Amino acid sequence: MKTTPLPLAPNDNPPAPVAAPPSPGWAPQEYPRRVLVLVTGLSPQVVTETLFALAVQRRPAFMPTELHVLTTTEGAERVRLALLSDEPGWLARLLRDWQLPAMAFGPSHVHVIQNTSGQFLADLRTEQDNEHAADFIIEKVRQFSLDPACALHASIAGGRKTMGYFLGYALSLYGRPQDRLSHVLVTAQFEHNAEFFYPSPKPRVIQVKDLEGTKPADASEAKVMLAEIPFVRLRNDLPQMLLEGKSSFSAAVEAAQFALQPHELVLSIRNRLVTLGGQSCYLAPEPMAVLLLLARRQVAGLAPLPAPPKEAGDLDLAQAYLGALRDCGGPLRDLERAERAVRSGMDGSQWSSKLSRLRRVLGEELGPAGRQLIDDGGRRSVRNRYSLVLPASRIQLEP
């Protein structure tokens, strides 16, 4: 069968307008935006089976306001033919048979996994394919998690095992209290049956297979079992820049590993020696001064440091930087040059240049721990806000 990837066009049925964030303690079914996201492969039945279990069988019911499928080109074609078609149109049948409300689900809600070149993937057979799938899935979950008025329910029942793993891990990284993870099972004789998509409200005879061959069975007697899967929520331990900015799967895992390890940062100021996570390196005066400035703010319990405007100088930031530079004990000529450079205050370009240099050196010298040390607060505001990811209790400043 020839397969054609579905277009990634604007939503055919946009979700309901985002309301104010719900109060703490709201149950998932009470959120104004309720998203069901699934991974699928060659069995689009997992979509209708999961929806049936959540909206019909579960009490209290969780009726999605929108449905999203993450899949390959082959999976997308099967979703189009089995669920989105006029005939057989199994999704519309389910809504009609069980008198369920309409929800947002069209071709644009079927997200076909792409590689870095924008090519759609027909299957996940290579290491590179799986890397692309991981990045694709984790980014979709991160985007959903940005909406505080959204409750996300993720199902790992379909697709290749690696796809389910990536979806579950993504929810562990980005999931909030209202988000859920599940797997769905059906009665053995109806499993993987091309004619079965959900238990019908009235008797409906279909052909099933058993050890003796083919025999008739009543689809209304099928049992669907939804198993909710507990998962560890790591979201609160991730730096804000990974929550609000696009990231690869490996970078997000690296950040989570960093957050779960008992790292301590020790700055030996005069020696310009930095020790983090058991690794040490020496810094030049200027990068050391930037790091010391951020560390002092963290220890003092101050708010994250706003980046200065690109063209206007920040005199307070300039004075804090020069004070840290003096304490680092660099050559006098370097201090004099720095004083001249920020005489009118430190502007955004100067700050960005110094911070980039520090980040590059920390990454090169201290590896993953160094790369994750500075949080820029994400990309949602015009001006980033900088701080260290470690709490004050894990930062030690030595003369």
# chains A, B, ... in the order shown; residues from 1 in each chain; ligands from 1
>>> select_by_dssp(residues="region 26-71 of chain A", states="strand (DSSP E or B)", output="list in words")
Arg33, Arg34, Val35, Leu36, Val37, Leu38, Val39, Glu66, Leu67, His68, Val69, Leu70 and Thr71 of chain A
>>> write_last_selection(atoms="N, CA, C and O atoms", output="PDB file, in the first residue's frame")
ATOM      1  N   ARG A  33      -8.697  22.711  29.098  1.00  0.00           N
ATOM      2  CA  ARG A  33      -8.067  22.092  27.934  1.00  0.00           C
ATOM      3  C   ARG A  33      -7.556  20.724  28.362  1.00  0.00           C
ATOM      4  O   ARG A  33      -6.718  20.605  29.264  1.00  0.00           O
ATOM      5  N   ARG A  34      -8.077  19.679  27.716  1.00  0.00           N
ATOM      6  CA  ARG A  34      -7.706  18.305  28.078  1.00  0.00           C
ATOM      7  C   ARG A  34      -7.173  17.608  26.822  1.00  0.00           C
ATOM      8  O   ARG A  34      -7.917  17.415  25.852  1.00  0.00           O
ATOM      9  N   VAL A  35      -5.902  17.250  26.847  1.00  0.00           N
ATOM     10  CA  VAL A  35      -5.229  16.721  25.667  1.00  0.00           C
ATOM     11  C   VAL A  35      -4.906  15.246  25.862  1.00  0.00           C
ATOM     12  O   VAL A  35      -4.295  14.862  26.861  1.00  0.00           O
ATOM     13  N   LEU A  36      -5.334  14.444  24.905  1.00  0.00           N
ATOM     14  CA  LEU A  36      -4.929  13.038  24.850  1.00  0.00           C
ATOM     15  C   LEU A  36      -3.898  12.903  23.745  1.00  0.00           C
ATOM     16  O   LEU A  36      -4.175  13.233  22.588  1.00  0.00           O
ATOM     17  N   VAL A  37      -2.699  12.452  24.094  1.00  0.00           N
ATOM     18  CA  VAL A  37      -1.636  12.274  23.110  1.00  0.00           C
ATOM     19  C   VAL A  37      -1.213  10.813  23.118  1.00  0.00           C
ATOM     20  O   VAL A  37      -1.028  10.213  24.178  1.00  0.00           O
ATOM     21  N   LEU A  38      -1.088  10.233  21.925  1.00  0.00           N
ATOM     22  CA  LEU A  38      -0.738   8.828  21.791  1.00  0.00           C
ATOM     23  C   LEU A  38       0.359   8.651  20.753  1.00  0.00           C
ATOM     24  O   LEU A  38       0.477   9.440  19.812  1.00  0.00           O
ATOM     25  N   VAL A  39       1.145   7.597  20.922  1.00  0.00           N
ATOM     26  CA  VAL A  39       2.045   7.150  19.857  1.00  0.00           C
ATOM     27  C   VAL A  39       1.388   5.939  19.202  1.00  0.00           C
ATOM     28  O   VAL A  39       0.829   5.076  19.880  1.00  0.00           O
ATOM     29  N   GLU A  66      -9.097  17.749  22.830  1.00  0.00           N
ATOM     30  CA  GLU A  66      -8.325  17.580  21.597  1.00  0.00           C
ATOM     31  C   GLU A  66      -7.498  16.318  21.689  1.00  0.00           C
ATOM     32  O   GLU A  66      -7.123  15.866  22.779  1.00  0.00           O
ATOM     33  N   LEU A  67      -7.210  15.734  20.544  1.00  0.00           N
ATOM     34  CA  LEU A  67      -6.481  14.472  20.470  1.00  0.00           C
ATOM     35  C   LEU A  67      -5.311  14.651  19.521  1.00  0.00           C
ATOM     36  O   LEU A  67      -5.466  15.242  18.440  1.00  0.00           O
ATOM     37  N   HIS A  68      -4.140  14.151  19.908  1.00  0.00           N
ATOM     38  CA  HIS A  68      -2.942  14.257  19.078  1.00  0.00           C
ATOM     39  C   HIS A  68      -2.284  12.884  18.957  1.00  0.00           C
ATOM     40  O   HIS A  68      -2.134  12.166  19.959  1.00  0.00           O
ATOM     41  N   VAL A  69      -1.876  12.555  17.734  1.00  0.00           N
ATOM     42  CA  VAL A  69      -1.227  11.275  17.456  1.00  0.00           C
ATOM     43  C   VAL A  69       0.179  11.548  16.940  1.00  0.00           C
ATOM     44  O   VAL A  69       0.367  12.340  16.009  1.00  0.00           O
ATOM     45  N   LEU A  70       1.170  10.885  17.531  1.00  0.00           N
ATOM     46  CA  LEU A  70       2.561  10.976  17.095  1.00  0.00           C
ATOM     47  C   LEU A  70       2.914   9.649  16.433  1.00  0.00           C
ATOM     48  O   LEU A  70       2.819   8.591  17.058  1.00  0.00           O
ATOM     49  N   THR A  71       3.332   9.693  15.172  1.00  0.00           N
ATOM     50  CA  THR A  71       3.477   8.449  14.440  1.00  0.00           C
ATOM     51  C   THR A  71       4.428   8.606  13.260  1.00  0.00           C
ATOM     52  O   THR A  71       5.059   9.652  13.083  1.00  0.00           O
TER      53      THR A  71
END
>>> select_by_dssp(residues="region 77-125 of chain A", states="helix (DSSP H, G or I)", output="PyMOL selection string")
chain A and resi 77-82+90-97+107-109
>>> write_last_selection(atoms="all heavy atoms", output="short mmCIF file (atom, residue, chain, number, x, y, z; two decimals), in the first residue's frame")
data_model
loop_
_atom_site.label_atom_id
_atom_site.label_comp_id
_atom_site.auth_asym_id
_atom_site.auth_seq_id
_atom_site.Cartn_x
_atom_site.Cartn_y
_atom_site.Cartn_z
N GLU A 77 -0.94 7.15 7.68
CA GLU A 77 -1.84 6.70 6.63
C GLU A 77 -2.94 5.81 7.21
O GLU A 77 -4.12 5.91 6.82
CB GLU A 77 -1.06 5.95 5.56
CG GLU A 77 -1.89 5.42 4.40
CD GLU A 77 -2.41 6.52 3.49
OE1 GLU A 77 -2.24 7.71 3.79
OE2 GLU A 77 -3.01 6.17 2.45
N ARG A 78 -2.59 4.98 8.15
CA ARG A 78 -3.60 4.10 8.76
C ARG A 78 -4.59 4.88 9.62
O ARG A 78 -5.78 4.56 9.66
CB ARG A 78 -2.91 3.00 9.56
CG ARG A 78 -2.08 2.08 8.69
CD ARG A 78 -1.64 0.84 9.39
NE ARG A 78 -0.86 -0.01 8.50
CZ ARG A 78 -0.82 -1.33 8.56
NH1 ARG A 78 -1.55 -1.96 9.47
NH2 ARG A 78 -0.08 -2.03 7.73
N VAL A 79 -4.10 5.90 10.30
CA VAL A 79 -5.00 6.76 11.06
C VAL A 79 -5.96 7.48 10.11
O VAL A 79 -7.16 7.59 10.37
CB VAL A 79 -4.19 7.78 11.89
CG1 VAL A 79 -5.10 8.88 12.44
CG2 VAL A 79 -3.48 7.09 13.04
N ARG A 80 -5.44 7.97 9.00
CA ARG A 80 -6.29 8.67 8.03
C ARG A 80 -7.38 7.76 7.49
O ARG A 80 -8.55 8.14 7.42
CB ARG A 80 -5.43 9.21 6.88
CG ARG A 80 -6.22 10.01 5.85
CD ARG A 80 -5.31 10.50 4.72
NE ARG A 80 -4.88 9.42 3.86
CZ ARG A 80 -5.62 8.93 2.85
NH1 ARG A 80 -6.82 9.43 2.60
NH2 ARG A 80 -5.14 7.96 2.10
N LEU A 81 -7.00 6.55 7.10
CA LEU A 81 -7.96 5.64 6.49
C LEU A 81 -8.95 5.06 7.49
O LEU A 81 -10.14 4.91 7.17
CB LEU A 81 -7.21 4.49 5.78
CG LEU A 81 -6.35 4.90 4.58
CD1 LEU A 81 -5.56 3.70 4.07
CD2 LEU A 81 -7.21 5.48 3.48
N ALA A 82 -8.49 4.75 8.69
CA ALA A 82 -9.37 4.07 9.65
C ALA A 82 -10.16 5.03 10.54
O ALA A 82 -11.31 4.74 10.89
CB ALA A 82 -8.53 3.14 10.53
N TRP A 90 -13.93 5.28 12.07
CA TRP A 90 -14.16 4.67 13.38
C TRP A 90 -14.18 5.68 14.53
O TRP A 90 -14.88 5.47 15.53
CB TRP A 90 -13.08 3.61 13.65
CG TRP A 90 -13.34 2.33 12.93
CD1 TRP A 90 -12.65 1.83 11.86
CD2 TRP A 90 -14.39 1.40 13.21
NE1 TRP A 90 -13.19 0.63 11.45
CE2 TRP A 90 -14.26 0.34 12.27
CE3 TRP A 90 -15.41 1.34 14.15
CZ2 TRP A 90 -15.13 -0.74 12.26
CZ3 TRP A 90 -16.28 0.25 14.14
CH2 TRP A 90 -16.14 -0.78 13.19
N LEU A 91 -13.48 6.77 14.41
CA LEU A 91 -13.53 7.75 15.50
C LEU A 91 -14.90 8.42 15.57
O LEU A 91 -15.48 8.56 16.66
CB LEU A 91 -12.44 8.81 15.31
CG LEU A 91 -12.34 9.82 16.47
CD1 LEU A 91 -11.99 9.14 17.78
CD2 LEU A 91 -11.34 10.91 16.15
N ALA A 92 -15.44 8.82 14.43
CA ALA A 92 -16.78 9.41 14.41
C ALA A 92 -17.82 8.41 14.89
O ALA A 92 -18.79 8.77 15.59
CB ALA A 92 -17.12 9.90 13.00
N ARG A 93 -17.63 7.14 14.53
CA ARG A 93 -18.56 6.09 15.00
C ARG A 93 -18.54 6.00 16.52
O ARG A 93 -19.60 5.89 17.16
CB ARG A 93 -18.16 4.74 14.41
CG ARG A 93 -18.55 4.52 12.98
CD ARG A 93 -18.43 3.03 12.69
NE ARG A 93 -18.51 2.71 11.29
CZ ARG A 93 -18.59 1.46 10.82
NH1 ARG A 93 -18.57 0.44 11.66
NH2 ARG A 93 -18.65 1.25 9.53
N LEU A 94 -17.35 6.02 17.09
CA LEU A 94 -17.24 5.93 18.55
C LEU A 94 -17.98 7.09 19.22
O LEU A 94 -18.74 6.88 20.17
CB LEU A 94 -15.76 5.94 18.95
CG LEU A 94 -15.46 6.10 20.45
CD1 LEU A 94 -16.04 4.95 21.25
CD2 LEU A 94 -13.96 6.21 20.68
N LEU A 95 -17.75 8.29 18.73
CA LEU A 95 -18.41 9.46 19.33
C LEU A 95 -19.92 9.36 19.19
O LEU A 95 -20.67 9.69 20.12
CB LEU A 95 -17.90 10.74 18.67
CG LEU A 95 -16.41 11.04 18.77
CD1 LEU A 95 -16.07 12.34 18.05
CD2 LEU A 95 -15.95 11.11 20.23
N ARG A 96 -20.37 8.87 18.04
CA ARG A 96 -21.81 8.76 17.79
C ARG A 96 -22.43 7.63 18.61
O ARG A 96 -23.47 7.81 19.26
CB ARG A 96 -22.05 8.54 16.30
CG ARG A 96 -23.51 8.49 15.91
CD ARG A 96 -23.67 8.45 14.40
NE ARG A 96 -23.00 7.30 13.78
CZ ARG A 96 -21.92 7.42 13.02
NH1 ARG A 96 -21.35 8.59 12.79
NH2 ARG A 96 -21.36 6.33 12.48
N ASP A 97 -21.78 6.46 18.63
CA ASP A 97 -22.33 5.31 19.33
C ASP A 97 -22.47 5.55 20.82
O ASP A 97 -23.44 5.12 21.46
CB ASP A 97 -21.46 4.07 19.10
CG ASP A 97 -21.66 3.46 17.72
OD1 ASP A 97 -22.62 3.88 17.02
OD2 ASP A 97 -20.88 2.56 17.35
N PRO A 107 -6.47 16.23 10.34
CA PRO A 107 -5.15 15.87 9.80
C PRO A 107 -3.99 16.58 10.48
O PRO A 107 -2.92 16.01 10.62
CB PRO A 107 -5.27 16.29 8.32
CG PRO A 107 -6.72 16.19 8.02
CD PRO A 107 -7.43 16.60 9.27
N SER A 108 -4.19 17.83 10.92
CA SER A 108 -3.09 18.56 11.54
C SER A 108 -2.78 18.09 12.96
O SER A 108 -1.79 18.49 13.55
CB SER A 108 -3.39 20.06 11.57
OG SER A 108 -4.52 20.33 12.36
N HIS A 109 -3.64 17.23 13.50
CA HIS A 109 -3.39 16.67 14.83
C HIS A 109 -2.63 15.35 14.75
O HIS A 109 -2.35 14.72 15.76
CB HIS A 109 -4.71 16.45 15.57
CG HIS A 109 -5.45 17.71 15.89
ND1 HIS A 109 -6.10 18.45 14.93
CD2 HIS A 109 -5.63 18.36 17.06
CE1 HIS A 109 -6.67 19.50 15.49
NE2 HIS A 109 -6.39 19.49 16.78
#
>>> closest_residue(among="A:Pro199, A:Pro368, A:Pro230, A:Pro304", to="Ala251 (chain A)", atoms="only C-alpha atoms")
A:Pro368
>>> residues_around(residues="Ile269 (chain A)", least_positions_apart="6", cutoff="10 Å", atoms="only C-alpha atoms", output="list in words")
Pro285, Met288, Ala289, Leu292, Ala324, Leu325, Asp327, Cys328, Gly329, Leu397, Glu398 and Pro399 of chain A
>>> closest_residue(among="A:Gln189, A:Arg359, A:Leu238, A:Gln143", to="Gln257 (chain A)", atoms="only C-alpha atoms")
A:Leu238
>>> closest_residue(among="A:Thr40, A:Thr187, A:Gln45, A:Gln319", to="Ser155 (chain A)", atoms="only C-alpha atoms")
A:Thr40
>>> residues_around(residues="Arg180 (chain A)", least_positions_apart="2", cutoff="9 Å", atoms="only C-alpha atoms", output="NGL selection string")
:A and (28 or 151-155 or 171 or 175-178 or 182 or 228-231)
>>> write_last_selection(atoms="C-alpha atoms", output="PDB file, in the first residue's frame")
ATOM      1  CA  PRO A  28      -7.475  16.367  35.349  1.00  0.00           C
ATOM      2  CA  ALA A 151      -4.239  18.504  31.558  1.00  0.00           C
ATOM      3  CA  LEU A 152      -2.258  16.019  29.481  1.00  0.00           C
ATOM      4  CA  HIS A 153      -2.988  12.291  29.284  1.00  0.00           C
ATOM      5  CA  ALA A 154      -0.341  10.275  27.418  1.00  0.00           C
ATOM      6  CA  SER A 155      -0.842   6.713  26.231  1.00  0.00           C
ATOM      7  CA  LEU A 171       6.163  12.995  30.604  1.00  0.00           C
ATOM      8  CA  GLY A 175       4.795  16.273  33.498  1.00  0.00           C
ATOM      9  CA  ARG A 176       2.855  18.304  36.073  1.00  0.00           C
ATOM     10  CA  PRO A 177       0.515  17.148  38.865  1.00  0.00           C
ATOM     11  CA  GLN A 178      -2.508  17.083  36.520  1.00  0.00           C
ATOM     12  CA  SER A 182      -1.405   4.984  30.807  1.00  0.00           C
ATOM     13  CA  GLU A 228      -2.561   4.043  34.752  1.00  0.00           C
ATOM     14  CA  ILE A 229       1.224   4.101  35.124  1.00  0.00           C
ATOM     15  CA  PRO A 230       2.803   6.021  38.002  1.00  0.00           C
ATOM     16  CA  PHE A 231       5.845   8.067  37.019  1.00  0.00           C
TER      17      PHE A 231
END
>>> residues_around(residues="region 113-119 of chain A", least_positions_apart="6", cutoff="12 Å", atoms="only C-alpha atoms", output="PyMOL selection string")
chain A and resi 5-8+39-41+69-76+126-140+159+163+248
>>> write_last_selection(atoms="C-alpha atoms", output="short mmCIF file (atom, residue, chain, number, x, y, z; two decimals), in the first residue's frame")
data_model
loop_
_atom_site.label_atom_id
_atom_site.label_comp_id
_atom_site.auth_asym_id
_atom_site.auth_seq_id
_atom_site.Cartn_x
_atom_site.Cartn_y
_atom_site.Cartn_z
CA PRO A 5 2.52 11.66 4.99
CA LEU A 6 -0.22 13.87 6.31
CA PRO A 7 0.41 17.62 6.07
CA LEU A 8 1.46 19.51 9.16
CA VAL A 39 2.04 7.15 19.86
CA THR A 40 0.83 4.77 17.17
CA GLY A 41 2.25 2.43 14.59
CA VAL A 69 -1.23 11.27 17.46
CA LEU A 70 2.56 10.98 17.10
CA THR A 71 3.48 8.45 14.44
CA THR A 72 5.34 7.54 11.24
CA THR A 73 4.16 7.93 7.64
CA GLU A 74 2.75 4.40 7.65
CA GLY A 75 0.99 5.00 10.95
CA ALA A 76 -0.38 8.33 9.72
CA THR A 126 18.20 2.91 12.82
CA GLU A 127 19.86 4.60 15.75
CA GLN A 128 19.44 7.94 14.00
CA ASP A 129 15.72 7.29 13.44
CA ASN A 130 15.25 6.69 17.15
CA GLU A 131 17.18 9.83 18.02
CA HIS A 132 14.91 11.88 15.76
CA ALA A 133 11.83 10.25 17.27
CA ALA A 134 13.05 10.99 20.79
CA ASP A 135 13.66 14.67 20.02
CA PHE A 136 10.34 14.96 18.18
CA ILE A 137 8.26 13.35 20.95
CA ILE A 138 9.91 15.20 23.81
CA GLU A 139 9.38 18.54 22.07
CA LYS A 140 5.66 17.88 21.59
CA GLY A 159 3.80 2.27 18.15
CA MET A 163 8.23 5.36 20.95
CA SER A 248 17.05 17.54 22.41
#
>>> atom_distance(atom1="CA of Glu264 (chain A)", atom2="CA of Ala303 (chain A)")
20.1 Å
>>> closest_residue(among="A:Val224, A:Leu211, A:Leu146, A:Ala255", to="Val186 (chain A)", atoms="only C-alpha atoms")
A:Val224
>>> closest_residue(among="A:Tyr386, A:Pro32, A:Asp316, A:Ala122", to="Ser344 (chain A)", atoms="only C-alpha atoms")
A:Asp316
>>> closest_residue(among="A:Ala312, A:Val389, A:Leu234, A:Leu124", to="Gly345 (chain A)", atoms="only C-alpha atoms")
A:Ala312
>>> residues_around(residues="region 60-62 of chain A", least_positions_apart="5", cutoff="7 Å", atoms="only C-alpha atoms", output="list of chain:residue names")
A:Gln29, A:Leu54, A:Ala55
>>> residues_around(residues="Tyr174 (chain A)", least_positions_apart="5", cutoff="9 Å", atoms="only C-alpha atoms", output="VMD selection string")
chain A and resid 138 141 to 142 145 169 233 to 236 238 243
>>> decode(residues="region 277-302 of chain A", atoms="N, CA and C atoms", output="short mmCIF file (atom, residue, chain, number, x, y, z; two decimals), in the first residue's frame")
data_model
loop_
_atom_site.label_atom_id
_atom_site.label_comp_id
_atom_site.auth_asym_id
_atom_site.auth_seq_id
_atom_site.Cartn_x
_atom_site.Cartn_y
_atom_site.Cartn_z
N GLY A 277 30.93 19.11 41.11
CA GLY A 277 30.69 17.69 40.88
C GLY A 277 31.95 16.86 40.86
N GLY A 278 32.92 17.21 41.68
CA GLY A 278 34.15 16.44 41.75
C GLY A 278 35.16 16.79 40.68
N GLN A 279 34.86 17.72 39.79
CA GLN A 279 35.79 18.15 38.76
C GLN A 279 36.20 19.60 39.01
N SER A 280 37.44 19.92 38.66
CA SER A 280 37.95 21.26 38.92
C SER A 280 38.59 21.85 37.67
N CYS A 281 38.61 23.18 37.62
CA CYS A 281 39.30 23.87 36.55
C CYS A 281 39.64 25.28 37.01
N TYR A 282 40.64 25.88 36.37
CA TYR A 282 41.01 27.27 36.64
C TYR A 282 40.39 28.15 35.56
N LEU A 283 39.94 29.33 35.97
CA LEU A 283 39.34 30.27 35.03
C LEU A 283 40.18 31.53 34.92
N ALA A 284 40.12 32.15 33.77
CA ALA A 284 40.73 33.47 33.61
C ALA A 284 39.93 34.48 34.45
N PRO A 285 40.50 35.65 34.74
CA PRO A 285 39.84 36.60 35.63
C PRO A 285 38.43 36.99 35.21
N GLU A 286 38.22 37.31 33.93
CA GLU A 286 36.90 37.80 33.53
C GLU A 286 35.81 36.74 33.64
N PRO A 287 35.99 35.51 33.12
CA PRO A 287 34.96 34.49 33.34
C PRO A 287 34.73 34.18 34.82
N MET A 288 35.82 34.17 35.60
CA MET A 288 35.68 33.92 37.02
C MET A 288 34.84 35.02 37.68
N ALA A 289 35.03 36.26 37.26
CA ALA A 289 34.28 37.37 37.84
C ALA A 289 32.79 37.23 37.56
N VAL A 290 32.42 36.82 36.35
CA VAL A 290 31.01 36.62 36.01
C VAL A 290 30.41 35.50 36.86
N LEU A 291 31.13 34.40 36.99
CA LEU A 291 30.64 33.28 37.80
C LEU A 291 30.52 33.69 39.27
N LEU A 292 31.50 34.42 39.78
CA LEU A 292 31.46 34.87 41.17
C LEU A 292 30.28 35.82 41.40
N LEU A 293 30.03 36.69 40.44
CA LEU A 293 28.90 37.61 40.54
C LEU A 293 27.58 36.84 40.68
N LEU A 294 27.38 35.83 39.83
CA LEU A 294 26.15 35.04 39.90
C LEU A 294 26.07 34.22 41.19
N ALA A 295 27.22 33.68 41.62
CA ALA A 295 27.24 32.89 42.85
C ALA A 295 26.90 33.75 44.07
N ARG A 296 27.44 34.94 44.13
CA ARG A 296 27.15 35.83 45.25
C ARG A 296 25.67 36.19 45.30
N ARG A 297 25.06 36.42 44.17
CA ARG A 297 23.62 36.71 44.15
C ARG A 297 22.82 35.52 44.66
N GLN A 298 23.23 34.32 44.26
CA GLN A 298 22.51 33.13 44.69
C GLN A 298 22.62 32.94 46.19
N VAL A 299 23.82 33.10 46.74
CA VAL A 299 24.05 32.94 48.17
C VAL A 299 23.28 33.99 48.97
N ALA A 300 23.16 35.19 48.40
CA ALA A 300 22.45 36.28 49.09
C ALA A 300 20.93 36.16 48.96
N GLY A 301 20.46 35.18 48.19
CA GLY A 301 19.03 34.99 48.03
C GLY A 301 18.37 36.01 47.12
N LEU A 302 19.14 36.62 46.22
CA LEU A 302 18.60 37.63 45.32
C LEU A 302 17.89 36.98 44.13
#
